[in-house]
Amino acid sequence: MDAPKRDNVVKYLKDYSPPDYLVDTIDLTFELDPKATLVHSRLTLRRNPARPASVPPPLYLDGQALELLHIAMDGVPLPASRYRVDANRLCIPKMPESCTLELRTRIHPTANTALEGLYVSGSLLCTQCEAEGFRKITYYPDRPDVMARFTTTLIADRQRFPVLLSNGNRSNRSIKGLAAGKHAVTWVDPFPKPCYLFALVAGKLTCHSDHFITRSGRPVTLEIHVEPGNSGLSGHAMQALKKAMRWDEERFGREYDLDLYMIVAVNDFNMGAMENKGLNIFNARYVLADQESATDLDFQHIENIVAHEYFHNWTGNRITCRDWFQLSLKEGLTVFRDQQFSAESLSATVQRVRDACLIRNQQFAEDAGPTAHPVQPDSYLEINNFYTITVYDKGAEVVRMLHTLLGEELFRHGMDLYCERHDGQAVTVEEFVQAMEVASGRDLAQFRLWYQQAGTPVVSVAMVHDPQTETLCMEFHQSCPATPGQPHKAPFHIPVRIGLLDRSGHPLPLRLLSEAEPDGCTPSESPPTSRLLELRQAHETFVFSGVAHPPVPSLLRHFSAPVILQAELDADTLTFLWTHDSDPFNRWNAGQQLATRLLLQLADDCRAHRPLKLDDSFIDSFDQALQTRDLDPATTAMILTLPTESALLAHMKEADPRAMHEARLFVRQSLANALHERLLQLYEWHAEQESLLAAEGYHPQVAAHRSLKNLSLDYLVCLRWAEFWHLAMRQFHKAHNMTDRLAALTCLLHSACPEGETVLALFADRWQKNSLVMDKWFAVQARIPEERSLRRVRNLQKHPLFNLKNPNRVRALLGSFCHDNPLAFHQPSGKGYQWMVKQILALDPLNPQGAARLVSAFSHWRNMEPLRRGLMQTALQQIQQTDDLSQDVFEIVLKSLKQ
Ligand code: TRP
Ligand code: ZN
């Protein structure tokens, strides 16, 4: 069966009106069967007292791809004349003030490949209702501001579906008169919730259970359910869950509320995980892990996502969104919370660099492209297209700026007030900002623009030092480019954290001239060495006093705002900051800027067929950075990593992926050629540190040593020397963990080592039964930086283990190819584009959400050099001209091609 067609109507924030009817309770009974499931629903409805009108308005219930079998009001079957049904809704024109409504519908889980609503994953039945999947289960007001108490009874074959789970607490209610071989379980969720948080899971699962005592002394049972073959792989997720529960109590004063918290791992899932009340459903890749099969990065993602879904219990579930335009209310805030959690658990610098990379490499690109939208969008065609890096991650940056402006204590007051005022409600972003405003006493009127205006602000700064007056004058200028539908922008309220260093790297005291005492004396208290400047106007000037010599500025420390900062620092200054800044984040940042400048120049040289040459001074500073000993190795590894090709291409005027690939490879090879002895020492030293720690299982410190070790290996193998290939081979064969094994395999394959294929085959032999590891096997091949990788992915697409219906596999092969292999995807023949178009059109009828994500690889066609620009435009037009596109793909293509 095809994915059901959506309504093709653009929705606007300004059109919001409260629901005409409220649902107090919903009683659901499922007779589960993969082919045809019967859903009985009993709603108690009443008119919304906030919507007075003389006659009760018609009732509209959302519903898609449902077979309506029965409908009754207050126990009496409704005649066909009393209601209408179309492809998207059921309407009852004449309604009483209140009633109970009974509905019976039939649905077809096996035919549901969109993985939205009730669907089949392997031998399991499971649901995904956010954003609008509940309407594929039964007729209901499918909007988050309708909150009801759910009771759910699941009836199924006892053999095939021994475990039956839903939200809330298990009740001991028993069902009489069940057919032979069937069993039933009833779940009661005492907390009113919107239907997008409804969930059920049925099947053969083994349960890893544990418990947690909340700080007020309530015991909570914790359960992680996995398929029987995966028992023993949920230990890390369980530890992460307990850690997150404690952290939310300590840092935000938030306790868990039910007696039971369940996580279920499923193999087929469109996103990372889902925060359904009391019953989180997870993509298996974010639950299952052991040293043998998961990398250190996998372990880190698991901890972060388990925490994210747990934190939603307050920011999302107890306080939910009024409508989907408010999505960032829960997602931006919850991402901010999971970032804070991971910063404490992992490393503040490593976490911040990761956040900043995501924003600068992907969010800035989204903001600069045809699908740019504000953190709070004002219109959408398909809501699934708005689970974006802007809503999630820029949304988190906006919350972070509030935290920066208010400080930890006032921010916490604001959070407490927000929870106190709105617990149990469906609210707006505005109500969140108001709570922050009231708790802090600060005026956030201008700050609200961060939610409303799309686009990345550009802040430029010019500095003039006056040795006579010993002052430094910093002049800031801000502007923001036009984005679709928003030609003019007002200035933002931007927090800019800065420091000044002297020529030996010591921080200087920062005193503003305006802070001098009227009699000319300066206050006795010694001024801070790091300060937060607040920009509010297009032009703003700050003058610092007591600056005897020209200082080195360290700007936008810790990435204090999601803006592009232009400071025109020369290469010497950047080099100095790269090796001396006392703020480790800015050390990383300076290195990235320096490398970006260099690589852009080299890529231009390459395009113009000029010989490539690398400055000795860059090699020297890289060498200095290599010898860093005062930072943790994970931070050092990031400081030594060049920006990715995709990130660099976004900065290139007429992007040429081949030229950029060659430039970047040239720099890596030149560095490795000059510094291979030191790199080898580094490799060996960190290998030894790692083994000295001899930790069982995942450990952040061990992971840090491994990351620097494997980065060194990556530099060494790019020389394509036999001795370093041997080193990688040895690592592959001797590895006792997936991090080292996969790093070695990647090094070998991506440096075109002749033995790469043998190692790849060994890897497949060993792991063919483990689908999460096989995803890595597909992905590492899809990313091989060679144009002929297209041939390889074509063959892999025909591999017996490739499956268009499994989102992880699609992401591993197709996603990796179009997003992480610019050289092959953008090959000038256009064959990479043509192949992707074919895959997108094959996927769209099965899984529109997945197909739309792949289309986004084309949305930056306007940044490309003319040849590729034309080819990409043609590819998009080809998609656009296809019949029966999903609303998801249609919206992205339409926006991408719009003039
Ligand atoms: N709310 C989920 C989260 O961020 C996101 C999510 C999971 C989702 N599955 C989805 C969003 C399917 C849209 C469609 O935690
Ligand atoms: Zn979320």
# chains A, B, ... in the order shown; residues from 1 in each chain; ligands from 1
>>> residues_around(residues="Gln887 in chain A", least_positions_apart="3", cutoff="7 Å", atoms="only C-alpha atoms", output="PyMOL selection string")
chain A and resi 6+8+382+890-891
>>> write_last_selection(atoms="C-alpha atoms", output="PDB file, in the first residue's frame")
ATOM      1  CA  ARG A   6      -1.546  14.250   3.014  1.00  0.00           C
ATOM      2  CA  ASN A   8      -1.508  19.462   0.733  1.00  0.00           C
ATOM      3  CA  GLU A 382       4.600  18.978   6.053  1.00  0.00           C
ATOM      4  CA  PHE A 890       7.264  18.004  -2.726  1.00  0.00           C
ATOM      5  CA  GLU A 891       7.799  20.750  -0.149  1.00  0.00           C
TER       6      GLU A 891
END
>>> residues_around(residues="range 825-828 of chain A", least_positions_apart="2", cutoff="9 Å", atoms="only C-alpha atoms", output="MDAnalysis selection string")
chainID A and resid 656:658 787 789:790 817:823 830:833 836 867:868 871:872
>>> closest_atom_pairs(of="chain A", to="ligand 2", cutoff="9 Å", atoms="only C-alpha atoms and all ligand atoms", output="CSV")
residue,atom,partner,partner_atom_place_in_ligand_line,distance
A:Gly272,CA,ligand 2,1 (Zn),8.9
A:Ala273,CA,ligand 2,1 (Zn),7.9
A:Met274,CA,ligand 2,1 (Zn),7.1
A:Glu275,CA,ligand 2,1 (Zn),7.1
A:Ile305,CA,ligand 2,1 (Zn),8.6
A:His308,CA,ligand 2,1 (Zn),6.3
A:Glu309,CA,ligand 2,1 (Zn),6.2
A:Phe311,CA,ligand 2,1 (Zn),8.7
A:His312,CA,ligand 2,1 (Zn),6.7
A:Gly316,CA,ligand 2,1 (Zn),8.0
A:Lys330,CA,ligand 2,1 (Zn),6.9
A:Glu331,CA,ligand 2,1 (Zn),4.7
A:Gly332,CA,ligand 2,1 (Zn),8.0
A:Leu333,CA,ligand 2,1 (Zn),8.9
A:Thr334,CA,ligand 2,1 (Zn),6.3
A:Val335,CA,ligand 2,1 (Zn),6.9
A:Tyr392,CA,ligand 2,1 (Zn),7.8
>>> write_last_selection(atoms="N, CA and C atoms", output="PDB file, in the first residue's frame")
ATOM      1  N   GLY A 272      16.106   9.185  15.935  1.00  0.00           N
ATOM      2  CA  GLY A 272      16.945   8.610  16.986  1.00  0.00           C
ATOM      3  C   GLY A 272      16.137   7.867  18.032  1.00  0.00           C
ATOM      4  N   ALA A 273      15.143   8.535  18.581  1.00  0.00           N
ATOM      5  CA  ALA A 273      14.342   7.933  19.635  1.00  0.00           C
ATOM      6  C   ALA A 273      13.117   8.803  19.871  1.00  0.00           C
ATOM      7  N   MET A 274      12.175   8.290  20.664  1.00  0.00           N
ATOM      8  CA  MET A 274      10.939   9.012  20.891  1.00  0.00           C
ATOM      9  C   MET A 274      10.538   8.942  22.360  1.00  0.00           C
ATOM     10  N   GLU A 275      10.170  10.113  22.893  1.00  0.00           N
ATOM     11  CA  GLU A 275       9.966  10.277  24.332  1.00  0.00           C
ATOM     12  C   GLU A 275       8.569   9.898  24.841  1.00  0.00           C
ATOM     13  N   ILE A 305      21.484  10.523  23.957  1.00  0.00           N
ATOM     14  CA  ILE A 305      20.089  10.383  23.498  1.00  0.00           C
ATOM     15  C   ILE A 305      19.202   9.795  24.595  1.00  0.00           C
ATOM     16  N   HIS A 308      18.475  12.748  26.569  1.00  0.00           N
ATOM     17  CA  HIS A 308      17.554  13.639  25.854  1.00  0.00           C
ATOM     18  C   HIS A 308      16.102  13.182  26.039  1.00  0.00           C
ATOM     19  N   GLU A 309      15.846  11.908  25.780  1.00  0.00           N
ATOM     20  CA  GLU A 309      14.462  11.419  25.875  1.00  0.00           C
ATOM     21  C   GLU A 309      13.982  11.476  27.320  1.00  0.00           C
ATOM     22  N   PHE A 311      14.933  13.643  29.604  1.00  0.00           N
ATOM     23  CA  PHE A 311      14.685  15.054  29.967  1.00  0.00           C
ATOM     24  C   PHE A 311      13.354  15.551  29.397  1.00  0.00           C
ATOM     25  N   HIS A 312      12.922  14.959  28.283  1.00  0.00           N
ATOM     26  CA  HIS A 312      11.626  15.334  27.715  1.00  0.00           C
ATOM     27  C   HIS A 312      10.476  15.096  28.703  1.00  0.00           C
ATOM     28  N   GLY A 316       8.560  18.761  27.556  1.00  0.00           N
ATOM     29  CA  GLY A 316       7.960  18.104  26.393  1.00  0.00           C
ATOM     30  C   GLY A 316       6.681  17.370  26.783  1.00  0.00           C
ATOM     31  N   LYS A 330       9.985  22.438  23.079  1.00  0.00           N
ATOM     32  CA  LYS A 330      10.441  21.208  23.729  1.00  0.00           C
ATOM     33  C   LYS A 330      11.785  20.744  23.195  1.00  0.00           C
ATOM     34  N   GLU A 331      12.025  20.885  21.884  1.00  0.00           N
ATOM     35  CA  GLU A 331      13.264  20.320  21.328  1.00  0.00           C
ATOM     36  C   GLU A 331      14.491  21.199  21.599  1.00  0.00           C
ATOM     37  N   GLY A 332      14.373  22.493  21.379  1.00  0.00           N
ATOM     38  CA  GLY A 332      15.517  23.364  21.650  1.00  0.00           C
ATOM     39  C   GLY A 332      15.918  23.288  23.113  1.00  0.00           C
ATOM     40  N   LEU A 333      14.931  23.359  23.983  1.00  0.00           N
ATOM     41  CA  LEU A 333      15.204  23.323  25.425  1.00  0.00           C
ATOM     42  C   LEU A 333      15.777  21.970  25.844  1.00  0.00           C
ATOM     43  N   THR A 334      15.250  20.893  25.277  1.00  0.00           N
ATOM     44  CA  THR A 334      15.735  19.566  25.677  1.00  0.00           C
ATOM     45  C   THR A 334      17.127  19.298  25.111  1.00  0.00           C
ATOM     46  N   VAL A 335      17.411  19.788  23.916  1.00  0.00           N
ATOM     47  CA  VAL A 335      18.775  19.650  23.390  1.00  0.00           C
ATOM     48  C   VAL A 335      19.749  20.448  24.262  1.00  0.00           C
ATOM     49  N   TYR A 392      15.957  22.277  16.311  1.00  0.00           N
ATOM     50  CA  TYR A 392      16.609  21.563  17.408  1.00  0.00           C
ATOM     51  C   TYR A 392      17.837  22.322  17.922  1.00  0.00           C
TER      52      TYR A 392
END
>>> closest_atom_pairs(of="range 303-330 of chain A", to="range 393-402 of chain A", cutoff="12 Å", atoms="only C-alpha atoms", output="Markdown table")
| residue | atom | partner | partner_atom | distance |
| --- | --- | --- | --- | --- |
| A:Gln326 | CA | A:Gly395 | CA | 10.7 |
| A:Leu327 | CA | A:Gly395 | CA | 9.4 |
| A:Ser328 | CA | A:Gly395 | CA | 5.8 |
| A:Leu329 | CA | A:Gly395 | CA | 8.0 |
| A:Lys330 | CA | A:Gly395 | CA | 9.4 |
>>> write_last_selection(atoms="C-alpha atoms", output="PDB file, in the first residue's frame")
ATOM      1  CA  GLN A 326       6.167  25.605  19.063  1.00  0.00           C
ATOM      2  CA  LEU A 327       8.277  22.498  18.410  1.00  0.00           C
ATOM      3  CA  SER A 328      11.476  24.211  19.558  1.00  0.00           C
ATOM      4  CA  LEU A 329       9.853  24.849  22.924  1.00  0.00           C
ATOM      5  CA  LYS A 330      10.441  21.208  23.729  1.00  0.00           C
TER       6      LYS A 330
END
>>> closest_residue(among="A:Pro49, A:Pro866, A:Pro550, A:Pro77", to="Leu101 in chain A", atoms="only C-alpha atoms")
A:Pro77
>>> select_by_dssp(residues="range 34-229 of chain A", states="helix (DSSP H, G or I)", output="MDAnalysis selection string")
chainID A and resid 80:82 109:111 134:136 195:197 228:229
>>> write_last_selection(atoms="N, CA, C and O atoms", output="JSON list (two decimals), in the first residue's frame")
[["chain", "number", "residue", "atom", "x", "y", "z"],
["A", 80, "ALA", "N", -25.49, 7.02, 9.03],
["A", 80, "ALA", "CA", -24.57, 7.62, 8.05],
["A", 80, "ALA", "C", -24.88, 9.09, 7.80],
["A", 80, "ALA", "O", -23.98, 9.87, 7.48],
["A", 81, "SER", "N", -26.11, 9.49, 7.97],
["A", 81, "SER", "CA", -26.47, 10.89, 7.73],
["A", 81, "SER", "C", -25.90, 11.83, 8.78],
["A", 81, "SER", "O", -25.87, 13.04, 8.59],
["A", 82, "ARG", "N", -25.47, 11.30, 9.91],
["A", 82, "ARG", "CA", -25.00, 12.16, 10.99],
["A", 82, "ARG", "C", -23.50, 12.48, 10.89],
["A", 82, "ARG", "O", -22.98, 13.26, 11.68],
["A", 109, "PRO", "N", -0.89, -2.81, 9.78],
["A", 109, "PRO", "CA", 0.52, -2.54, 10.15],
["A", 109, "PRO", "C", 1.54, -3.06, 9.13],
["A", 109, "PRO", "O", 2.52, -2.35, 8.86],
["A", 110, "THR", "N", 1.37, -4.23, 8.56],
["A", 110, "THR", "CA", 2.40, -4.74, 7.64],
["A", 110, "THR", "C", 2.54, -3.86, 6.40],
["A", 110, "THR", "O", 3.61, -3.80, 5.80],
["A", 111, "ALA", "N", 1.45, -3.20, 6.01],
["A", 111, "ALA", "CA", 1.51, -2.36, 4.80],
["A", 111, "ALA", "C", 2.10, -0.99, 5.10],
["A", 111, "ALA", "O", 2.30, -0.18, 4.20],
["A", 134, "PHE", "N", -0.76, 9.52, 15.12],
["A", 134, "PHE", "CA", -1.89, 8.93, 15.84],
["A", 134, "PHE", "C", -3.13, 8.85, 14.94],
["A", 134, "PHE", "O", -3.94, 7.94, 15.06],
["A", 135, "ARG", "N", -3.25, 9.79, 14.01],
["A", 135, "ARG", "CA", -4.39, 9.80, 13.09],
["A", 135, "ARG", "C", -4.37, 8.61, 12.14],
["A", 135, "ARG", "O", -5.33, 8.38, 11.42],
["A", 136, "LYS", "N", -3.25, 7.87, 12.12],
["A", 136, "LYS", "CA", -3.20, 6.64, 11.32],
["A", 136, "LYS", "C", -3.55, 5.41, 12.16],
["A", 136, "LYS", "O", -3.46, 4.28, 11.69],
["A", 195, "CYS", "N", -1.90, 13.07, 22.08],
["A", 195, "CYS", "CA", -1.82, 11.73, 21.49],
["A", 195, "CYS", "C", -0.48, 11.45, 20.83],
["A", 195, "CYS", "O", -0.15, 10.29, 20.60],
["A", 196, "TYR", "N", 0.33, 12.48, 20.55],
["A", 196, "TYR", "CA", 1.63, 12.18, 19.93],
["A", 196, "TYR", "C", 2.56, 11.44, 20.88],
["A", 196, "TYR", "O", 3.55, 10.87, 20.47],
["A", 197, "LEU", "N", 2.19, 11.44, 22.19],
["A", 197, "LEU", "CA", 3.01, 10.72, 23.17],
["A", 197, "LEU", "C", 2.48, 9.32, 23.46],
["A", 197, "LEU", "O", 2.99, 8.62, 24.34],
["A", 228, "PRO", "N", 15.37, -10.82, 21.93],
["A", 228, "PRO", "CA", 16.12, -11.81, 22.71],
["A", 228, "PRO", "C", 17.59, -11.95, 22.33],
["A", 228, "PRO", "O", 18.44, -12.07, 23.20],
["A", 229, "GLY", "N", 17.93, -11.85, 21.03],
["A", 229, "GLY", "CA", 19.33, -11.98, 20.63],
["A", 229, "GLY", "C", 20.23, -10.87, 21.14],
["A", 229, "GLY", "O", 21.44, -10.97, 21.10]]
>>> closest_residue(among="A:Leu28, A:Leu533, A:Val391, A:Ala722", to="ligand 1", atoms="only C-alpha atoms and all ligand atoms")
A:Val391
>>> residues_around(residues="range 482-493 of chain A", least_positions_apart="5", cutoff="8 Å", atoms="only C-alpha atoms", output="mmCIF file with N, CA and C atoms, in the first residue's frame")
data_model
loop_
_atom_site.group_PDB
_atom_site.id
_atom_site.type_symbol
_atom_site.label_atom_id
_atom_site.label_comp_id
_atom_site.auth_asym_id
_atom_site.auth_seq_id
_atom_site.Cartn_x
_atom_site.Cartn_y
_atom_site.Cartn_z
ATOM 1 N N ASP A 367 20.306 27.827 7.138
ATOM 2 C CA ASP A 367 19.895 29.229 7.263
ATOM 3 C C ASP A 367 20.207 30.035 6.004
ATOM 4 N N ALA A 368 21.210 29.600 5.253
ATOM 5 C CA ALA A 368 21.618 30.346 4.066
ATOM 6 C C ALA A 368 20.972 29.788 2.805
ATOM 7 N N GLY A 369 20.179 28.722 2.941
ATOM 8 C CA GLY A 369 19.634 28.055 1.759
ATOM 9 C C GLY A 369 18.135 28.269 1.582
ATOM 10 N N PRO A 370 17.561 27.537 0.636
ATOM 11 C CA PRO A 370 16.156 27.760 0.270
ATOM 12 C C PRO A 370 15.146 27.270 1.309
ATOM 13 N N THR A 371 15.562 26.415 2.242
ATOM 14 C CA THR A 371 14.612 25.929 3.249
ATOM 15 C C THR A 371 14.804 26.647 4.591
ATOM 16 N N ALA A 372 15.502 27.786 4.570
ATOM 17 C CA ALA A 372 15.716 28.544 5.816
ATOM 18 C C ALA A 372 14.380 28.875 6.474
ATOM 19 N N HIS A 373 14.329 28.742 7.788
ATOM 20 C CA HIS A 373 13.111 29.079 8.540
ATOM 21 C C HIS A 373 13.522 29.506 9.937
ATOM 22 N N GLN A 446 13.724 42.361 22.639
ATOM 23 C CA GLN A 446 14.551 42.225 21.444
ATOM 24 C C GLN A 446 15.070 40.797 21.287
ATOM 25 N N PHE A 447 15.312 40.152 22.401
ATOM 26 C CA PHE A 447 15.836 38.785 22.348
ATOM 27 C C PHE A 447 14.893 37.849 21.593
ATOM 28 N N LEU A 449 13.517 38.099 18.932
ATOM 29 C CA LEU A 449 13.772 38.027 17.488
ATOM 30 C C LEU A 449 14.521 36.760 17.102
ATOM 31 N N TRP A 450 15.272 36.195 18.039
ATOM 32 C CA TRP A 450 15.984 34.950 17.748
ATOM 33 C C TRP A 450 15.011 33.827 17.379
ATOM 34 N N GLN A 453 13.180 35.563 13.533
ATOM 35 C CA GLN A 453 13.915 35.875 12.310
ATOM 36 C C GLN A 453 14.835 34.722 11.931
ATOM 37 N N ALA A 454 14.724 34.272 10.687
ATOM 38 C CA ALA A 454 15.655 33.256 10.194
ATOM 39 C C ALA A 454 16.940 33.931 9.735
ATOM 40 N N GLY A 455 17.932 33.131 9.391
ATOM 41 C CA GLY A 455 19.183 33.677 8.868
ATOM 42 C C GLY A 455 20.235 33.790 9.955
ATOM 43 N N PRO A 457 23.089 35.883 11.706
ATOM 44 C CA PRO A 457 23.652 37.230 11.812
ATOM 45 C C PRO A 457 25.157 37.212 11.536
ATOM 46 N N GLU A 534 27.123 42.823 25.304
ATOM 47 C CA GLU A 534 25.788 42.614 24.743
ATOM 48 C C GLU A 534 25.568 43.585 23.595
ATOM 49 N N LEU A 535 25.444 43.035 22.392
ATOM 50 C CA LEU A 535 25.163 43.872 21.228
ATOM 51 C C LEU A 535 23.654 43.963 21.043
ATOM 52 N N ARG A 536 23.181 45.180 20.793
ATOM 53 C CA ARG A 536 21.751 45.364 20.542
ATOM 54 C C ARG A 536 21.478 46.180 19.289
ATOM 55 N N GLN A 537 22.471 46.939 18.868
ATOM 56 C CA GLN A 537 22.270 47.818 17.715
ATOM 57 C C GLN A 537 23.136 47.394 16.544
ATOM 58 N N ALA A 538 22.797 47.932 15.387
ATOM 59 C CA ALA A 538 23.557 47.595 14.188
ATOM 60 C C ALA A 538 25.037 47.975 14.359
#
>>> closest_residue(among="A:Arg51, A:Arg853, A:His40, A:Arg862", to="ligand 1", atoms="only C-alpha atoms and all ligand atoms")
A:Arg853
>>> closest_residue(among="A:Leu103, A:Leu649, A:Leu61, A:Leu594", to="Leu78 in chain A", atoms="only C-alpha atoms")
A:Leu103
>>> residues_around(residues="range 173-178 of chain A", least_positions_apart="3", cutoff="10 Å", atoms="only C-alpha atoms", output="PyMOL selection string")
chain A and resi 153+155-156+170+181-187
>>> residues_around(residues="Gln64 in chain A", least_positions_apart="6", cutoff="10 Å", atoms="only C-alpha atoms", output="MDAnalysis selection string")
chainID A and resid 3:7 86:90 107 117 132:139
